[in-house]
Structure formats: C-alpha cells, structure tokens
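Below: data.txt (compact mmCIF, C-alpha atoms and all ligand atoms)
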```
# COMPACT_ATOMS: atom_id res chain seq x y z
CA MET T 1 165.98 28.21 181.76
CA THR T 2 163.67 29.55 179.00
CA SER T 3 163.09 27.65 175.77
CA PRO T 4 165.13 28.67 172.74
CA ILE T 5 163.47 30.99 170.23
CA PRO T 6 163.47 29.65 166.67
CA PHE T 7 164.59 32.19 164.08
CA VAL T 8 163.08 31.25 160.71
CA ALA T 9 164.36 33.29 157.77
CA ASN T 10 163.83 32.65 154.09
CA PRO T 11 166.99 30.94 152.77
CA HIS T 12 167.21 33.55 149.98
CA TYR T 13 167.08 36.50 152.34
CA ARG T 14 170.48 38.19 152.41
CA PHE T 15 170.46 39.92 155.78
CA ALA T 16 169.37 37.09 158.08
CA GLY T 17 172.75 37.16 159.87
CA GLU T 18 172.50 40.89 160.55
CA TRP T 19 168.97 40.44 161.92
CA LEU T 20 170.04 37.56 164.13
CA ALA T 21 172.86 39.68 165.57
CA ALA T 22 170.55 42.67 166.16
CA LEU T 23 167.90 40.49 167.83
CA ARG T 24 170.49 38.81 170.04
CA ARG T 25 171.85 42.22 171.11
CA GLU T 26 168.36 43.27 172.24
CA MET T 27 167.67 39.93 173.98
CA PRO T 28 170.94 38.95 175.68
CA ASN T 29 169.10 36.61 178.06
CA GLU T 30 167.31 34.70 175.31
CA CYS T 31 168.70 31.93 173.16
CA ILE T 32 167.71 32.76 169.56
CA VAL T 33 168.54 29.88 167.25
CA PRO T 34 168.30 29.62 163.44
CA LEU T 35 165.87 26.84 162.53
CA ASN T 36 168.57 24.67 160.95
CA GLU T 37 170.53 24.75 164.24
CA LEU T 38 167.54 24.04 166.48
CA GLY T 39 167.70 20.60 168.10
CA ALA T 40 165.09 17.95 167.24
CA ALA T 41 163.87 17.98 170.84
CA ALA T 42 163.34 21.76 170.87
CA LYS T 43 161.25 21.92 167.68
CA PRO T 44 158.06 20.36 169.12
CA GLU T 45 158.42 22.55 172.23
CA SER T 46 158.47 25.90 170.45
CA ARG T 47 155.35 28.03 170.98
CA PHE T 48 156.54 31.10 169.07
CA ALA T 49 159.18 32.10 166.56
CA ILE T 50 160.74 35.17 164.98
CA VAL T 51 160.28 35.04 161.21
CA ILE T 52 161.50 36.78 158.05
CA ASN T 53 159.54 35.65 154.95
CA PRO T 54 159.73 32.02 156.14
CA LEU T 55 159.07 29.06 153.87
CA PRO T 56 155.77 27.41 154.91
CA GLU T 57 157.54 24.03 155.09
CA ASP T 58 159.98 25.50 157.63
CA ILE T 59 157.08 26.72 159.76
CA ARG T 60 155.59 23.21 159.58
CA GLN T 61 158.73 21.90 161.31
CA LEU T 62 157.43 23.61 164.47
CA PRO T 63 154.12 21.77 165.05
CA ARG T 64 153.13 23.44 168.33
CA LEU T 65 153.76 26.98 167.24
CA GLU T 66 151.07 29.40 168.44
CA TRP T 67 152.37 32.72 167.13
CA VAL T 68 155.08 34.17 164.93
CA HIS T 69 156.61 37.63 165.13
CA SER T 70 157.51 39.08 161.73
CA VAL T 71 160.12 41.82 161.59
CA TRP T 72 158.20 43.55 158.76
CA ALA T 73 155.25 45.95 158.96
CA GLY T 74 153.72 44.55 155.76
CA VAL T 75 152.92 40.84 156.09
CA GLU T 76 150.74 40.11 153.04
CA ARG T 77 153.30 37.63 151.71
CA LEU T 78 153.40 35.74 155.01
CA VAL T 79 149.58 35.75 155.24
CA ALA T 80 149.36 34.37 151.67
CA ASP T 81 152.16 31.82 152.14
CA LEU T 82 150.71 30.40 155.35
CA GLY T 83 147.16 30.26 153.93
CA LYS T 84 144.39 29.15 156.27
CA THR T 85 146.03 28.72 159.65
CA ASP T 86 145.39 29.09 163.36
CA LEU T 87 148.83 30.58 163.79
CA LYS T 88 148.73 34.14 165.05
CA ILE T 89 150.82 36.50 162.92
CA VAL T 90 152.28 39.51 164.71
CA ARG T 91 153.67 42.26 162.49
CA LEU T 92 156.09 45.04 163.34
CA VAL T 93 154.56 48.26 164.64
CA ASP T 94 157.51 50.61 165.08
CA PRO T 95 157.20 54.38 165.71
CA GLN T 96 160.62 54.77 164.06
CA LEU T 97 159.31 53.20 160.86
CA ALA T 98 156.24 55.45 160.95
CA ASP T 99 158.53 58.46 161.37
CA THR T 100 160.75 57.38 158.46
CA MET T 101 157.69 56.87 156.26
CA ALA T 102 156.23 60.24 157.29
CA GLU T 103 159.53 61.84 156.27
CA ALA T 104 159.39 60.05 152.89
CA VAL T 105 155.78 61.12 152.33
CA LEU T 106 156.70 64.73 153.05
CA ALA T 107 159.86 64.57 150.89
CA TRP T 108 158.15 63.16 147.81
CA THR T 109 155.05 65.31 148.32
CA MET T 110 157.37 68.34 148.24
CA TYR T 111 159.01 66.94 145.08
CA LEU T 112 155.62 66.97 143.37
CA HIS T 113 154.30 70.10 145.07
CA ARG T 114 157.33 72.17 143.93
CA ASP T 115 157.21 70.65 140.40
CA MET T 116 160.68 69.14 140.59
CA PRO T 117 160.07 66.52 137.85
CA GLU T 118 158.97 69.37 135.54
CA TYR T 119 162.03 71.52 136.26
CA ALA T 120 164.38 68.54 135.87
CA ALA T 121 162.83 67.89 132.43
CA GLN T 122 163.19 71.56 131.50
CA GLN T 123 166.85 71.55 132.46
CA ARG T 124 167.49 68.60 130.13
CA GLN T 125 166.00 70.74 127.35
CA ARG T 126 167.94 73.91 128.45
CA ARG T 127 164.57 75.56 128.94
CA TRP T 128 164.15 78.53 131.34
CA LEU T 129 160.50 78.75 132.38
CA ALA T 130 159.20 79.46 135.88
CA GLY T 131 155.71 78.13 136.57
CA ASP T 132 153.17 79.75 138.91
CA TYR T 133 153.79 79.17 142.59
CA VAL T 134 151.04 77.30 144.44
CA ARG T 135 151.02 77.58 148.22
CA ALA T 136 150.94 74.36 150.27
CA ASP T 137 147.66 75.45 151.83
CA ASN T 138 146.18 75.47 148.34
CA ARG T 139 147.08 71.82 147.79
CA THR T 140 145.21 68.79 149.07
CA VAL T 141 147.19 65.67 149.85
CA SER T 142 145.06 62.55 150.36
CA LEU T 143 146.23 59.45 152.15
CA LEU T 144 144.89 56.02 151.29
CA GLY T 145 145.28 54.17 154.60
CA MET T 146 145.15 55.89 157.96
CA GLY T 147 146.89 53.27 160.07
CA THR T 148 150.22 53.59 161.87
CA LEU T 149 151.95 54.99 158.79
CA GLY T 150 149.07 57.06 157.40
CA GLU T 151 148.45 58.84 160.67
CA ALA T 152 152.13 59.77 161.12
CA ALA T 153 152.25 61.01 157.50
CA ALA T 154 149.10 63.10 158.05
CA GLN T 155 150.68 64.86 161.03
CA ARG T 156 153.81 65.74 159.00
CA LEU T 157 151.77 67.04 156.07
CA LEU T 158 149.62 69.19 158.37
CA LYS T 159 152.76 70.74 159.89
CA ALA T 160 153.88 71.61 156.35
CA ASN T 161 150.55 73.44 155.81
CA PHE T 162 148.95 71.05 153.30
CA ASN T 163 145.24 70.31 153.36
CA VAL T 164 145.06 66.66 154.35
CA CYS T 165 142.40 64.03 153.65
CA GLY T 166 142.57 60.43 154.85
CA TRP T 167 140.73 57.29 153.79
CA SER T 168 140.36 54.08 155.79
CA ARG T 169 138.00 51.14 156.17
CA THR T 170 136.63 52.39 159.50
CA ARG T 171 136.11 56.10 160.09
CA LYS T 172 138.89 58.02 161.83
CA SER T 173 138.74 61.29 163.70
CA LEU T 174 141.98 63.21 163.49
CA PRO T 175 142.12 66.95 164.17
CA GLY T 176 142.77 68.88 160.97
CA VAL T 177 142.27 65.86 158.68
CA GLU T 178 139.15 65.42 156.56
CA CYS T 179 138.40 61.74 157.07
CA PHE T 180 136.65 59.44 154.58
CA ALA T 181 135.72 55.80 155.10
CA GLY T 182 134.74 52.86 152.93
CA GLU T 183 134.51 52.35 149.17
CA ASN T 184 131.46 54.64 148.84
CA GLU T 185 133.35 57.68 150.09
CA LEU T 186 136.52 57.11 148.08
CA PRO T 187 135.42 58.89 144.86
CA ALA T 188 134.57 62.07 146.81
CA MET T 189 138.03 62.14 148.37
CA LEU T 190 139.77 61.43 145.06
CA ALA T 191 137.84 64.27 143.40
CA LYS T 192 139.41 66.88 145.70
CA THR T 193 142.96 65.43 145.63
CA ASP T 194 146.07 67.09 144.20
CA ILE T 195 148.54 64.50 145.47
CA LEU T 196 147.36 60.96 146.30
CA VAL T 197 149.56 58.88 148.61
CA CYS T 198 148.95 55.13 148.96
CA LEU T 199 149.84 53.66 152.38
CA LEU T 200 147.46 50.70 152.24
CA PRO T 201 148.29 47.09 153.02
CA LEU T 202 147.82 44.58 150.20
CA THR T 203 144.71 42.50 150.87
CA ALA T 204 142.01 40.79 148.81
CA GLU T 205 140.07 44.08 149.01
CA THR T 206 142.87 46.49 148.15
CA LYS T 207 144.35 44.46 145.27
CA GLY T 208 143.57 46.37 142.08
CA LEU T 209 141.71 49.05 144.06
CA LEU T 210 143.18 51.88 141.99
CA ASN T 211 141.70 50.86 138.63
CA ALA T 212 140.72 53.02 135.65
CA GLU T 213 137.43 54.02 137.27
CA LYS T 214 139.08 55.23 140.50
CA LEU T 215 141.95 56.97 138.75
CA ALA T 216 139.40 58.80 136.60
CA CYS T 217 138.00 60.36 139.80
CA LEU T 218 141.22 62.33 140.32
CA PRO T 219 141.17 65.88 138.93
CA PRO T 220 143.29 66.40 135.79
CA GLY T 221 146.85 67.30 136.79
CA ALA T 222 146.84 65.33 140.06
CA SER T 223 149.89 63.24 141.04
CA PHE T 224 150.30 59.90 142.75
CA ILE T 225 152.75 58.36 145.21
CA ASN T 226 152.66 54.60 145.87
CA PHE T 227 154.44 53.63 149.09
CA GLY T 228 151.96 50.81 149.90
CA ARG T 229 152.22 47.79 147.59
CA GLY T 230 152.47 47.49 143.79
CA PRO T 231 149.38 45.34 143.09
CA ILE T 232 147.08 47.93 144.73
CA VAL T 233 147.25 49.91 141.47
CA CYS T 234 146.35 48.48 138.05
CA ASP T 235 149.47 49.09 135.98
CA GLU T 236 147.67 49.42 132.66
CA ALA T 237 145.16 51.91 134.05
CA LEU T 238 148.02 53.90 135.55
CA ARG T 239 149.90 53.87 132.29
CA ALA T 240 146.83 55.13 130.39
CA VAL T 241 146.30 58.17 132.66
CA LEU T 242 150.02 58.98 132.58
CA ASP T 243 150.23 58.63 128.80
CA ASP T 244 147.42 61.06 128.19
CA GLY T 245 148.70 63.47 130.86
CA ARG T 246 145.59 63.33 133.07
CA LEU T 247 147.92 62.19 135.83
CA LYS T 248 150.87 64.57 135.96
CA HIS T 249 153.40 62.32 137.67
CA ALA T 250 153.70 59.12 139.70
CA VAL T 251 156.35 58.32 142.29
CA LEU T 252 156.46 54.53 142.57
CA ASP T 253 158.39 52.79 145.33
CA VAL T 254 156.58 49.44 145.08
CA PHE T 255 155.80 47.22 142.10
CA ASN T 256 154.09 43.99 141.10
CA VAL T 257 157.51 42.42 140.61
CA GLU T 258 160.50 43.55 142.70
CA PRO T 259 163.21 44.29 141.79
CA LEU T 260 161.51 46.02 138.85
CA PRO T 261 162.62 44.03 135.74
CA ALA T 262 164.95 45.94 133.40
CA ASP T 263 162.44 45.77 130.52
CA SER T 264 159.53 47.27 132.51
CA TRP T 265 157.85 50.30 130.90
CA GLN T 266 157.93 52.24 134.17
CA TRP T 267 161.71 52.77 134.02
CA ALA T 268 161.61 55.07 130.99
CA HIS T 269 158.22 56.73 131.36
CA PRO T 270 158.75 60.51 131.52
CA ARG T 271 156.00 60.92 134.10
CA ILE T 272 157.28 58.25 136.49
CA THR T 273 159.91 58.39 139.21
CA VAL T 274 161.05 54.87 140.11
CA LEU T 275 162.28 54.21 143.65
CA PRO T 276 163.75 50.83 144.71
CA HIS T 277 161.37 50.12 147.63
CA CYS T 278 163.34 52.53 149.80
CA SER T 279 160.73 54.88 151.23
CA ALA T 280 160.78 53.42 154.74
CA PRO T 281 163.42 50.78 155.43
CA THR T 282 163.02 48.91 158.70
CA ASP T 283 165.58 49.95 161.31
CA ARG T 284 167.04 46.68 162.61
CA LYS T 285 167.87 48.14 166.01
CA THR T 286 164.50 49.73 166.84
CA ALA T 287 162.61 46.82 165.27
CA SER T 288 164.60 44.29 167.31
CA ALA T 289 163.92 46.27 170.48
CA ILE T 290 160.18 46.10 169.76
CA VAL T 291 160.30 42.36 169.07
CA ALA T 292 162.27 41.97 172.32
CA ALA T 293 159.70 43.96 174.32
CA ASN T 294 156.86 41.85 172.92
CA ILE T 295 158.69 38.62 173.75
CA ARG T 296 159.55 39.88 177.25
CA ALA T 297 155.86 40.68 177.89
CA TYR T 298 154.90 37.22 176.61
CA ARG T 299 157.44 35.53 178.88
CA GLU T 300 156.24 37.55 181.89
CA THR T 301 152.47 37.51 181.40
CA GLY T 302 151.68 35.05 178.60
CA ALA T 303 150.10 37.91 176.64
CA THR T 304 150.77 37.98 172.91
CA PRO T 305 150.72 41.25 170.95
CA ALA T 306 147.78 42.07 168.66
CA GLY T 307 147.91 39.93 165.54
CA VAL T 308 146.90 40.27 161.93
CA ASP T 309 143.15 39.76 161.47
CA PRO T 310 142.94 36.66 159.23
CA VAL T 311 139.66 37.81 157.67
CA ARG T 312 140.72 41.42 156.93
CA GLY T 313 144.20 40.26 155.90
CA TYR T 314 146.07 43.05 157.74
N1 LIG A 401 157.30 51.11 150.90
C1 LIG A 401 157.79 50.78 152.07
O1 LIG A 401 158.99 50.89 152.31
C2 LIG A 401 156.87 50.31 153.15
C3 LIG A 401 157.35 50.20 154.48
C4 LIG A 401 156.48 49.76 155.47
C5 LIG A 401 155.16 49.46 155.17
N2 LIG A 401 154.71 49.59 153.89
C6 LIG A 401 153.30 49.29 153.55
O2 LIG A 401 152.44 50.14 154.29
C7 LIG A 401 151.31 49.37 154.68
C8 LIG A 401 150.55 50.06 155.80
O3 LIG A 401 151.27 49.95 157.02
P1 LIG A 401 150.60 50.40 158.42
O4 LIG A 401 151.57 50.00 159.47
O5 LIG A 401 150.14 51.81 158.37
O6 LIG A 401 149.32 49.43 158.45
P2 LIG A 401 148.05 49.52 159.41
O7 LIG A 401 148.38 50.24 160.66
O8 LIG A 401 147.46 48.17 159.47
O9 LIG A 401 147.04 50.49 158.58
C9 LIG A 401 146.40 50.10 157.41
C10 LIG A 401 145.39 51.17 157.02
O10 LIG A 401 144.78 50.80 155.78
C11 LIG A 401 143.37 50.83 155.92
N3 LIG A 401 142.74 49.82 155.07
C12 LIG A 401 143.03 48.50 154.96
N4 LIG A 401 142.20 47.91 154.10
C13 LIG A 401 141.36 48.87 153.65
C14 LIG A 401 140.27 48.90 152.75
N5 LIG A 401 139.86 47.79 152.11
N6 LIG A 401 139.63 50.08 152.54
C15 LIG A 401 140.02 51.19 153.18
N7 LIG A 401 141.06 51.25 154.05
C16 LIG A 401 141.71 50.11 154.27
C17 LIG A 401 143.12 50.52 157.39
O11 LIG A 401 141.82 50.93 157.76
P3 LIG A 401 141.30 50.80 159.29
O12 LIG A 401 142.09 51.84 160.05
O13 LIG A 401 139.87 51.12 159.22
O14 LIG A 401 141.63 49.40 159.73
C18 LIG A 401 144.25 51.31 158.04
O15 LIG A 401 143.88 52.66 158.18
C19 LIG A 401 151.92 48.00 155.01
O16 LIG A 401 150.94 46.99 154.98
C20 LIG A 401 152.92 47.84 153.91
O17 LIG A 401 152.31 47.26 152.78
C21 LIG A 401 155.52 50.01 152.90
```

As a first step, turn the structure in this file into structure tokens.
Ligand SMILES: NC(=O)c1ccc[n+]([C@@H]2O[C@H](COP(=O)([O-])OP(=O)(O)OC[C@H]3O[C@@H](n4cnc5c(N)ncnc54)[C@H](OP(=O)(O)O)[C@@H]3O)[C@@H](O)[C@H]2O)c1
Amino acid sequence: MTSPIPFVANPHYRFAGEWLAALRREMPNECIVPLNELGAAAKPESRFAIVINPLPEDIRQLPRLEWVHSVWAGVERLVADLGKTDLKIVRLVDPQLADTMAEAVLAWTMYLHRDMPEYAAQQRQRRWLAGDYVRADNRTVSLLGMGTLGEAAAQRLLKANFNVCGWSRTRKSLPGVECFAGENELPAMLAKTDILVCLLPLTAETKGLLNAEKLACLPPGASFINFGRGPIVCDEALRAVLDDGRLKHAVLDVFNVEPLPADSWQWAHPRITVLPHCSAPTDRKTASAIVAANIRAYRETGATPAGVDPVRGY
C-alpha cells in the first residue's frame, strides 16, 4: 500500500477539481487526496505533493516534504512564495505545451509579419492601401529564452522561412539559429531584430530586463510579442517606444497584474494587442500524464525529476 499523495491547490484556484480528476485518471493506482481531506497521521508521512499555486502555510502542514510537483511550466510565484527552502520544486516540462506555444509564436509572428494590425486599422477608416510585401526570409525573429518553449518556437519559425535568432544565459547550438548568450550579446541580437518574442522565465535577473535602454536597441519599426511574464518588460519604457512609433506593435499575453485591470492603458493603445494569458494553456491530460510518469519513476527508483535551480530561479 503506497502512501497517499497530497494535492495542495490554492483555495482561490477555480479548476482544482478538474485537475484532481485528470490526475486521478492518469494514476488509478495512487490515492491523491486534497490537503483538507488528508488525515492527521498521513501529513507527517508525506515526502512529496502535487501543487497548484499552494499557500505557503498549507505546504508547512507537510513537515517532511522533500519535493513538490507543480502542474505549471512557470513557477516564479511558487519560488517566491516558498522563499528560502530546501524543498525541491519540480515544474511541468510538457512537449504538448511546447508545441502549443510554438503554434502561438508562429500565429502571432504571422499577424505582425503580414501587417494585420495595420490592415485592421485601415479597414476601420475605410482606407484601401496595400503595403509592400516583405518575404519571411527577409525578416528576423528573435527569441528571448531558448529553453523548452524557445527551442520549439525556433523550429516552427525556421520551417516558416524566417531568419531566427535566440538568446539564452548559456550558449546554445541549434542548426539554422543564430545563437546569442548573456547580457553582453543581447544588444547585438536586438539590433538585427524585426520581431522580438519573449519566452523567458521571471527571475531576479529577467525582471525589468526590457527597459528603455534595451528597447532602444531594436531597429525602428520592430515589433514585440510577450509570452513570457509581464514584469520582464518595463511598462513605461514600452509605452514610450509605442507612443512615438519606434516600436510598431506589441502583442501582450502577460502583464504585471492579471487579469489586466479595466483602467489599464494597454487596453486602448492602438499599437497593442491584448491577449488574456492564452498563448499556451496547459493541457490537463498531457500534463497529468507527465506528473504521473514522474511519480511512477519516483516510486520505482526513488529518483526525483530535475528541479528548479534555487539560485537561478528557474
Ligand atoms: N504565456 C503563457 O501562456 C505561458 C505558458 C507557459 C510558460 N510561459 C512562460 O515561459 C517561460 C519559459 O518556459 P520554458 O519551459 O521554455 O523554460 P526553460 O526551459 O527553463 O527555459 C528558459 C530559458 O530562458 C533562459 N534564461 C533564463 N534566465 C535568463 C537570463 N537571465 N538571461 C538569458 N537567458 C535566460 C534560459 O537560458 P539557459 O538555457 O541558458 O538556462 C532558457 O533558455 C516560463 O517560465 C513561463 O514564464 C508562458
């Protein structure tokens, strides 16, 4: 008889029940129990738990916990909430999520590449004016972040004939992609970018990374897509380059505050497309299957999946 698996979801999270059902479907031989239903005797026995934005005080109810499996790919909130801890945080690495994000990157790159915001604006003014066509192989799309999501996006963009650059902390080598690494090489990549796509995690280093100085490195007329996290870009600096037209358009899926408050300037800015954090939703079924496989491996061998590096923050 294996020990029950605590399921610790934030009390405000609306889809905890759906997640519990999906996880139970993928682990029919496990007993997955919401924290508030876990017996007093089981709590001190638990070595790992499945978590969804848990409250730190809920995690503290499980004193012998060694690792937690989040169902999200981005875990900056969990890292911040738990603070300094020995607990290993395992995030979701799901090829399905990478595929969904790659599709979103291609879709919104095409939106900018084929000047859709411009033509939509012209239609509202009953204006008939065809711009010059630019071939995809004359555009450079640069990815900030070349991890699981960035690499999948790069492959899609290459297939669609774009020139692709990628930036990461450590240098990558990816056929067909011009790779840049570290802060020193970022300005050079930005300078040759037509469409910049952010797929970075939010960490102490990436917070505010895209400030006025960095945005000024982009050539006039470049566009920006943020699918990473809102605080990576300085809102005021972004607003300034959009207001004066140096940045042609920004597609924003992530914000400092979500949902984006109704009085936020981004909603009505003519050069912004607002998306409600929908670029790559987690697929409950594939994500649950991955959590299940990781737990199965742990039960069989004692091995835990790779965790978030507490120093790097991702
Ligand atoms: N909008 C959405 O719907 C949505 C959905 C899922 C995820 N996300 C976001 O996407 C992020 C990335 O996910 P992932 O699975 O691709 O993460 P990942 O595999 O950990 O990759 C992160 C990438 O960012 C790079 N990086 C991190 N800090 C850096 C720094 N200071 N300077 C330069 N590069 C840096 C890493 O460099 P190294 O390769 O050198 O380590 C790596 O290439 C998540 O953290 C989450 O915030 C958004």

Please identify all polymer residues within 12 Å of Ala287 (chain T), counting all atoms listed in the file, omitting same-chain residues fewer than 6 positions from it, and present them as a VMD selection string. chain T and resid 19 to 20 22 to 23 25 to 26 50 69 to 73 91 to 98 281 293 to 294

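All residues, whether protein, DNA or RNA, that have an atom at most 6 Å from ligand LIG 401 (chain A) (counting only C-alpha atoms and all ligand atoms) are Ala73, Gly74, Gly145, Met146, Gly147, Thr148, Leu149, Gly150, Ser168, Arg169, Thr170, Gly182, Leu199, Leu200, Pro201, Leu202, Glu205, Thr206, Phe227, Gly228, Arg229, Asp253, His277, Cys278, Ser279, Ala280, Pro281 and Tyr314 of chain T.
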
Residues near Leu35 (chain T), anyone? I mean within 6 Å using all atoms listed in the file, not counting same-chain ones fewer than 2 positions away, as a VMD selection string. chain T and resid 6 to 8 37 to 38

CA of Phe224 (chain T) to CA of Arg312 (chain T), distance in Å rounded to a single decimal: 25.2 Å

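Atom pair CA of Pro270 (chain T) / CA of Ala102 (chain T) has a distance of 25.9 Å (rounded to one decimal).
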
Residue nearest Val311 (chain T) among T:Asn53, T:Glu45, T:Arg24, T:Lys84 (counting all atoms listed in the file):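 With all atoms listed in the file as the atom set, the closest residue is T:Lys84.
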
Nearest candidate to Ala9 (chain T) (options T:Gly39, T:Gly230, T:Pro219, T:Pro34; using all atoms listed in the file): T:Pro34

Looking at only C-alpha atoms, which of T:Ile272, T:Thr109, T:Lys43, T:Leu129 is the one that sits closest to Val164 (chain T)?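 Counting only C-alpha atoms, the residue closest to Val164 (chain T) is T:Thr109.
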
Nearest to Gly17 (chain T), restricted to only C-alpha atoms and choosing among T:Gln125, T:Val308, T:Val33, T:Arg60, comes out as T:Val33

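Here CA of Ala191 (chain T) and CA of Lys248 (chain T) stand 15.0 Å from one another.
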
Quick one: everything within 10 Å of Pro259 (chain T), counting all atoms listed in the file, minus sequence neighbours fewer than 3 positions away in the same chain. Send it as number ranges by chain. T: 254-256, 262, 276-277

Residues at most 8 Å from region 77-83 of chain T, counting only C-alpha atoms, excluding those fewer than 4 positions away in the same chain, as a ChimeraX atom specification? /T:53-56,89,310,313

Using all atoms listed in the file, pick whichever of T:Pro231, T:Ala104, T:Ala237, T:Tyr111 has the shortest atom-to-atom distance to Glu213 (chain T).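 Result for the nearest residue to Glu213 (chain T): T:Ala237.
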
Using all atoms listed in the file, find the one residue out of T:Val141, T:Leu215, T:Ala292, T:Ala42 that sits nearest to Val197 (chain T).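 Closest candidate: T:Val141.
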
May I ask you to restore N, CA, C and O atoms in region 235-255 of chain T and write the result as a PDB file, in the frame of the given file?
```
ATOM      1  N   ASP T 235     148.404  48.476 136.764  1.00  0.00           N
ATOM      2  CA  ASP T 235     149.470  49.090 135.980  1.00  0.00           C
ATOM      3  C   ASP T 235     148.983  49.676 134.662  1.00  0.00           C
ATOM      4  O   ASP T 235     149.387  50.768 134.272  1.00  0.00           O
ATOM      5  N   GLU T 236     148.107  48.938 133.977  1.00  0.00           N
ATOM      6  CA  GLU T 236     147.670  49.420 132.660  1.00  0.00           C
ATOM      7  C   GLU T 236     146.817  50.678 132.782  1.00  0.00           C
ATOM      8  O   GLU T 236     146.923  51.596 131.959  1.00  0.00           O
ATOM      9  N   ALA T 237     145.990  50.719 133.820  1.00  0.00           N
ATOM     10  CA  ALA T 237     145.160  51.910 134.050  1.00  0.00           C
ATOM     11  C   ALA T 237     146.056  53.099 134.401  1.00  0.00           C
ATOM     12  O   ALA T 237     145.833  54.231 133.943  1.00  0.00           O
ATOM     13  N   LEU T 238     147.086  52.835 135.177  1.00  0.00           N
ATOM     14  CA  LEU T 238     148.020  53.900 135.550  1.00  0.00           C
ATOM     15  C   LEU T 238     148.749  54.425 134.320  1.00  0.00           C
ATOM     16  O   LEU T 238     148.875  55.632 134.105  1.00  0.00           O
ATOM     17  N   ARG T 239     149.168  53.480 133.494  1.00  0.00           N
ATOM     18  CA  ARG T 239     149.900  53.870 132.290  1.00  0.00           C
ATOM     19  C   ARG T 239     149.021  54.746 131.386  1.00  0.00           C
ATOM     20  O   ARG T 239     149.485  55.748 130.839  1.00  0.00           O
ATOM     21  N   ALA T 240     147.740  54.380 131.277  1.00  0.00           N
ATOM     22  CA  ALA T 240     146.830  55.130 130.390  1.00  0.00           C
ATOM     23  C   ALA T 240     146.680  56.580 130.874  1.00  0.00           C
ATOM     24  O   ALA T 240     146.765  57.507 130.065  1.00  0.00           O
ATOM     25  N   VAL T 241     146.510  56.782 132.198  1.00  0.00           N
ATOM     26  CA  VAL T 241     146.300  58.170 132.660  1.00  0.00           C
ATOM     27  C   VAL T 241     147.603  58.973 132.649  1.00  0.00           C
ATOM     28  O   VAL T 241     147.570  60.197 132.547  1.00  0.00           O
ATOM     29  N   LEU T 242     148.726  58.279 132.699  1.00  0.00           N
ATOM     30  CA  LEU T 242     150.020  58.980 132.580  1.00  0.00           C
ATOM     31  C   LEU T 242     150.279  59.338 131.115  1.00  0.00           C
ATOM     32  O   LEU T 242     150.733  60.441 130.801  1.00  0.00           O
ATOM     33  N   ASP T 243     149.979  58.391 130.230  1.00  0.00           N
ATOM     34  CA  ASP T 243     150.230  58.630 128.800  1.00  0.00           C
ATOM     35  C   ASP T 243     149.444  59.831 128.288  1.00  0.00           C
ATOM     36  O   ASP T 243     149.969  60.625 127.511  1.00  0.00           O
ATOM     37  N   ASP T 244     148.187  59.934 128.729  1.00  0.00           N
ATOM     38  CA  ASP T 244     147.420  61.060 128.190  1.00  0.00           C
ATOM     39  C   ASP T 244     147.534  62.311 129.069  1.00  0.00           C
ATOM     40  O   ASP T 244     146.853  63.311 128.820  1.00  0.00           O
ATOM     41  N   GLY T 245     148.395  62.266 130.081  1.00  0.00           N
ATOM     42  CA  GLY T 245     148.700  63.470 130.860  1.00  0.00           C
ATOM     43  C   GLY T 245     147.654  63.827 131.903  1.00  0.00           C
ATOM     44  O   GLY T 245     147.807  64.823 132.609  1.00  0.00           O
ATOM     45  N   ARG T 246     146.586  63.010 132.024  1.00  0.00           N
ATOM     46  CA  ARG T 246     145.590  63.330 133.070  1.00  0.00           C
ATOM     47  C   ARG T 246     146.244  63.241 134.444  1.00  0.00           C
ATOM     48  O   ARG T 246     145.961  64.018 135.335  1.00  0.00           O
ATOM     49  N   LEU T 247     147.114  62.267 134.614  1.00  0.00           N
ATOM     50  CA  LEU T 247     147.920  62.190 135.830  1.00  0.00           C
ATOM     51  C   LEU T 247     149.272  62.799 135.491  1.00  0.00           C
ATOM     52  O   LEU T 247     149.928  62.398 134.525  1.00  0.00           O
ATOM     53  N   LYS T 248     149.670  63.806 136.307  1.00  0.00           N
ATOM     54  CA  LYS T 248     150.870  64.570 135.960  1.00  0.00           C
ATOM     55  C   LYS T 248     152.139  63.764 136.198  1.00  0.00           C
ATOM     56  O   LYS T 248     153.056  63.763 135.383  1.00  0.00           O
ATOM     57  N   HIS T 249     152.175  63.053 137.339  1.00  0.00           N
ATOM     58  CA  HIS T 249     153.400  62.320 137.670  1.00  0.00           C
ATOM     59  C   HIS T 249     153.080  61.240 138.708  1.00  0.00           C
ATOM     60  O   HIS T 249     152.148  61.387 139.491  1.00  0.00           O
ATOM     61  N   ALA T 250     153.847  60.172 138.676  1.00  0.00           N
ATOM     62  CA  ALA T 250     153.700  59.120 139.700  1.00  0.00           C
ATOM     63  C   ALA T 250     155.067  58.789 140.271  1.00  0.00           C
ATOM     64  O   ALA T 250     156.037  58.605 139.521  1.00  0.00           O
ATOM     65  N   VAL T 251     155.141  58.770 141.589  1.00  0.00           N
ATOM     66  CA  VAL T 251     156.350  58.320 142.290  1.00  0.00           C
ATOM     67  C   VAL T 251     156.046  56.911 142.784  1.00  0.00           C
ATOM     68  O   VAL T 251     155.150  56.718 143.616  1.00  0.00           O
ATOM     69  N   LEU T 252     156.759  55.929 142.246  1.00  0.00           N
ATOM     70  CA  LEU T 252     156.460  54.530 142.570  1.00  0.00           C
ATOM     71  C   LEU T 252     157.639  53.890 143.302  1.00  0.00           C
ATOM     72  O   LEU T 252     158.748  53.843 142.770  1.00  0.00           O
ATOM     73  N   ASP T 253     157.356  53.418 144.503  1.00  0.00           N
ATOM     74  CA  ASP T 253     158.390  52.790 145.330  1.00  0.00           C
ATOM     75  C   ASP T 253     158.183  51.278 145.383  1.00  0.00           C
ATOM     76  O   ASP T 253     159.057  50.534 145.819  1.00  0.00           O
ATOM     77  N   VAL T 254     156.964  50.859 144.968  1.00  0.00           N
ATOM     78  CA  VAL T 254     156.580  49.440 145.080  1.00  0.00           C
ATOM     79  C   VAL T 254     155.965  48.990 143.769  1.00  0.00           C
ATOM     80  O   VAL T 254     155.303  49.775 143.086  1.00  0.00           O
ATOM     81  N   PHE T 255     156.179  47.715 143.419  1.00  0.00           N
ATOM     82  CA  PHE T 255     155.800  47.220 142.100  1.00  0.00           C
ATOM     83  C   PHE T 255     155.249  45.803 142.222  1.00  0.00           C
ATOM     84  O   PHE T 255     155.484  45.130 143.234  1.00  0.00           O
TER      85      PHE T 255
END
```
